[in-house]
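The structure appears below as structure tokens.
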Amino acid sequence: MSTTTDRLARTLGWVSLALGTAQLAATDAVTRLAGVDDSPAAKGVTRLVGGRELLHAGMLLGGRTPARWAWTRVAGDAIDLAVLGAALARRTGERRRRVTAATAAIAGITALDLLCAVRGAGPGRGPLRLHASITINRPREEVYRFWRDLENLPTFMAHLESVREVGEGRSLWKARGPVTDLRWEAEIIDDRAGELIAWGSVRGATVTTGGRVAFTDGPGGRGTVVDVAMEYTVPGRALGAAFAKLLGEHPEQQVRDDLRRFKQVMETGEVVRSDASPEGTRALRQLRQRPAQPVGGRS
């Protein structure tokens with residue numbers, strides 16, 4: 001871990017120490033300056049935040065590798081911004097201006113915390129490797145055929161906007177990323193009917209990705225075990241992963257959720273409403289209207 005990143009982390013530790021001390025020692029002044037009300041509840045929350053800041057200070061100033069604790073500050077910043085956002089909606093006049101100023105200050109600190117956390121996590125140049133599996137109560141050939149029709153993938157992969165097959169095993173992919181939308185071209189490099197599909201991005205693609213999905217009979221010959229392994233590298237992966245973590249969207253959890261939706265589609269014909277994005281719901285309607293095509297039937 002770089003000395004510069006550790007220095008930044010220790011600086012943020014001193015910031016936490018100053019904020020925590022002020023919130024505990026001068027609670028009335030802090031609530032007044034921030035534009036929140038002076039109710040006992042508001043003062044109680046301010047003191048709790050002050051205690052949390054002192055905890056951050058202890059972790060950032062007391063450890064030999066302080067940057068690894070920067071994520072604790074990022075999580076705290078997210079809570080602070082949510083509280084200030086709620087207060088902003090209820091304030092008018094001078095108090096609203098004070099809450100706005102406090103929110104801007106916390107947002108600036110959040111940017112520094114996030115920068116420190118990302119640097120502390122390392123450069124993220126290597127591929128991100130993911131693995132998940134699920135058992136689906138449908139015949140193996142049927143499950144394979146649905147996945148092999150790549151244009152079906154956005155019906156259960158929440159972050160995919162579209163997949164369009166362009167022939168000769170190649171396809172154009174569009175996905176929603178945590179920072180920006182991504183587009184790339186991929187090709188199928190191994191295709192064994194009812195058993196395996198393996199793919200990889202073409203040379204020069206913006207997103208470097210590869211993986212495989214294997215289909216095997218379930219225990220006792222009942223259903224199909226779908227096993228997915230993939231890896232990818234995208235521009236700014238470390239920053240993208242940071243935002244994903246902040247939003248509670250860990251990449252491997254995304255894959256598990258995608259497979260759970262795939263199971264719902266195969267077994268019931270639809271995704272439970274609470275899990276379905278508008279795009280996925282629309283894709284399902286289009287899927288029902290589109291006649292079935294044999295594997296390899298597109299050109």
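Following the order of the structure tokens, first chain is A, next is B, and so on, with residues numbered from 1 inside each chain and ligands from 1 in the order they appear.
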- [ ] Write out as a ChimeraX atom specification the residues lying within 6 Å of Glu231 of chain A, counting only C-alpha atoms and excluding same-chain residues fewer than 3 positions away.
- [x] /A:127-129,209-210
TODO: Write out as a VMD selection string all residues of segment 13-64 of chain A that backbone DSSP assigns to helix (DSSP H, G or I).
DONE: chain A and resid 13 to 25 27 to 34 40 to 62
Expected file: the selected residues, N, CA and C atoms, as a compact mmCIF listing (two decimals), in the first residue's frame:
```
# COMPACT_ATOMS: atom_id res chain seq x y z
N GLY A 13 -8.24 10.52 9.42
CA GLY A 13 -8.39 10.16 10.83
C GLY A 13 -8.41 11.39 11.72
N TRP A 14 -7.53 12.36 11.43
CA TRP A 14 -7.52 13.60 12.21
C TRP A 14 -8.81 14.39 11.99
N VAL A 15 -9.33 14.33 10.74
CA VAL A 15 -10.63 14.98 10.48
C VAL A 15 -11.72 14.35 11.33
N SER A 16 -11.72 13.01 11.41
CA SER A 16 -12.70 12.32 12.24
C SER A 16 -12.56 12.70 13.70
N LEU A 17 -11.31 12.81 14.16
CA LEU A 17 -11.07 13.18 15.56
C LEU A 17 -11.63 14.57 15.85
N ALA A 18 -11.39 15.52 14.94
CA ALA A 18 -11.88 16.88 15.14
C ALA A 18 -13.40 16.94 15.11
N LEU A 19 -14.00 16.24 14.13
CA LEU A 19 -15.46 16.25 14.02
C LEU A 19 -16.10 15.59 15.23
N GLY A 20 -15.58 14.44 15.62
CA GLY A 20 -16.15 13.72 16.74
C GLY A 20 -16.06 14.51 18.03
N THR A 21 -14.92 15.15 18.26
CA THR A 21 -14.75 15.95 19.48
C THR A 21 -15.74 17.11 19.51
N ALA A 22 -15.88 17.79 18.35
CA ALA A 22 -16.81 18.92 18.29
C ALA A 22 -18.26 18.47 18.51
N GLN A 23 -18.64 17.35 17.91
CA GLN A 23 -20.02 16.89 18.03
C GLN A 23 -20.37 16.45 19.44
N LEU A 24 -19.37 16.00 20.20
CA LEU A 24 -19.63 15.59 21.58
C LEU A 24 -19.47 16.75 22.57
N ALA A 25 -18.49 17.61 22.31
CA ALA A 25 -18.21 18.69 23.26
C ALA A 25 -19.05 19.93 23.02
N THR A 27 -22.28 20.07 21.12
CA THR A 27 -23.41 19.53 20.35
C THR A 27 -24.35 20.63 19.88
N ASP A 28 -24.70 21.57 20.77
CA ASP A 28 -25.64 22.63 20.40
C ASP A 28 -25.10 23.47 19.24
N ALA A 29 -23.83 23.81 19.29
CA ALA A 29 -23.23 24.63 18.24
C ALA A 29 -23.21 23.89 16.90
N VAL A 30 -22.92 22.58 16.94
CA VAL A 30 -22.87 21.80 15.71
C VAL A 30 -24.25 21.70 15.06
N THR A 31 -25.27 21.39 15.86
CA THR A 31 -26.62 21.28 15.29
C THR A 31 -27.08 22.62 14.72
N ARG A 32 -26.72 23.72 15.41
CA ARG A 32 -27.12 25.04 14.91
C ARG A 32 -26.39 25.37 13.62
N LEU A 33 -25.10 25.08 13.57
CA LEU A 33 -24.31 25.38 12.38
C LEU A 33 -24.77 24.55 11.19
N ALA A 34 -25.16 23.29 11.44
CA ALA A 34 -25.59 22.41 10.35
C ALA A 34 -27.01 22.70 9.88
N PRO A 40 -34.19 17.22 21.30
CA PRO A 40 -33.38 16.20 21.96
C PRO A 40 -32.99 15.06 21.02
N ALA A 41 -33.89 14.70 20.09
CA ALA A 41 -33.57 13.61 19.16
C ALA A 41 -32.42 14.01 18.25
N ALA A 42 -32.45 15.25 17.73
CA ALA A 42 -31.39 15.72 16.84
C ALA A 42 -30.06 15.76 17.57
N LYS A 43 -30.09 16.22 18.83
CA LYS A 43 -28.86 16.26 19.61
C LYS A 43 -28.34 14.86 19.89
N GLY A 44 -29.27 13.93 20.15
CA GLY A 44 -28.86 12.55 20.38
C GLY A 44 -28.18 11.95 19.16
N VAL A 45 -28.75 12.19 17.97
CA VAL A 45 -28.15 11.69 16.73
C VAL A 45 -26.77 12.30 16.52
N THR A 46 -26.65 13.61 16.80
CA THR A 46 -25.36 14.28 16.63
C THR A 46 -24.30 13.66 17.53
N ARG A 47 -24.68 13.34 18.76
CA ARG A 47 -23.71 12.71 19.67
C ARG A 47 -23.33 11.31 19.19
N LEU A 48 -24.30 10.57 18.66
CA LEU A 48 -23.99 9.24 18.13
C LEU A 48 -23.01 9.33 16.97
N VAL A 49 -23.26 10.30 16.09
CA VAL A 49 -22.35 10.50 14.96
C VAL A 49 -20.96 10.89 15.46
N GLY A 50 -20.92 11.72 16.51
CA GLY A 50 -19.63 12.08 17.09
C GLY A 50 -18.88 10.88 17.62
N GLY A 51 -19.60 9.99 18.30
CA GLY A 51 -18.96 8.76 18.78
C GLY A 51 -18.44 7.91 17.65
N ARG A 52 -19.23 7.83 16.58
CA ARG A 52 -18.79 7.06 15.41
C ARG A 52 -17.53 7.67 14.80
N GLU A 53 -17.47 9.00 14.73
CA GLU A 53 -16.29 9.66 14.18
C GLU A 53 -15.05 9.36 15.02
N LEU A 54 -15.20 9.33 16.33
CA LEU A 54 -14.06 9.00 17.18
C LEU A 54 -13.61 7.56 16.97
N LEU A 55 -14.58 6.65 16.69
CA LEU A 55 -14.23 5.27 16.38
C LEU A 55 -13.42 5.21 15.08
N HIS A 56 -13.88 5.98 14.06
CA HIS A 56 -13.11 6.05 12.81
C HIS A 56 -11.70 6.56 13.10
N ALA A 57 -11.60 7.60 13.92
CA ALA A 57 -10.29 8.18 14.22
C ALA A 57 -9.37 7.14 14.84
N GLY A 58 -9.91 6.35 15.77
CA GLY A 58 -9.08 5.33 16.40
C GLY A 58 -8.55 4.32 15.41
N MET A 59 -9.41 3.89 14.45
CA MET A 59 -8.99 2.90 13.47
C MET A 59 -7.98 3.47 12.48
N LEU A 60 -8.20 4.72 12.06
CA LEU A 60 -7.33 5.31 11.04
C LEU A 60 -6.01 5.79 11.61
N LEU A 61 -6.00 6.21 12.86
CA LEU A 61 -4.78 6.73 13.45
C LEU A 61 -4.00 5.68 14.24
N GLY A 62 -4.67 4.61 14.62
CA GLY A 62 -4.01 3.63 15.48
C GLY A 62 -3.41 2.44 14.78
```
Open item on the list: For a quick check of understanding, using only C-alpha atoms, which of A:Leu88, A:Pro219, A:Arg95, A:Gly108 has the smallest distance to Val74 of chain A?
Closed with: A:Gly108
Open item on the list: as a PyMOL selection string, please: the residues near Met157 of chain A (cut-off 9 Å, only C-alpha atoms, same-chain neighbours under 3 positions excluded).
Closed with: chain A and resi 153-154+160-161+254-255+257-259+261-262+280
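Between Phe215 of chain A and the candidates A:Asp113, A:Glu142, A:Glu165, A:Glu187, the tightest atom-to-atom separation, counting only C-alpha atoms, involves A:Glu142.
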TODO: Pick out the closest residue to Asn152 of chain A from this set: A:Val265, A:Leu8, A:Ala104, A:Ala26. Count only C-alpha atoms.
DONE: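 The closest residue to Asn152 of chain A is A:Val265.
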Open item on the list: Between atom CA of Gly35 of chain A and atom CA of Arg90 of chain A, what is the distance in Å, rounded to a tenth?
Closed with: 10.8 Å
Task: Selection near Val143 of chain A, 9 Å with only C-alpha atoms, sequence-local residues under 3 positions removed, as a VMD selection string - done: chain A and resid 136 138 to 140 146 to 148 194 215 224 226 266
Open item on the list: One number please: atom CA of Ala198 of chain A to atom CA of Glu270 of chain A, in Å, one decimal.
Closed with: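 So the answer is 25.7 Å.
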- [ ] Report as number ranges by chain: the residues of segment 58-258 of chain A with a DSSP assignment of strand (DSSP E), based on the backbone of this structure.
- [x] A: 128-136, 160-167, 170-175, 182-192, 196-201, 208-217, 224-233
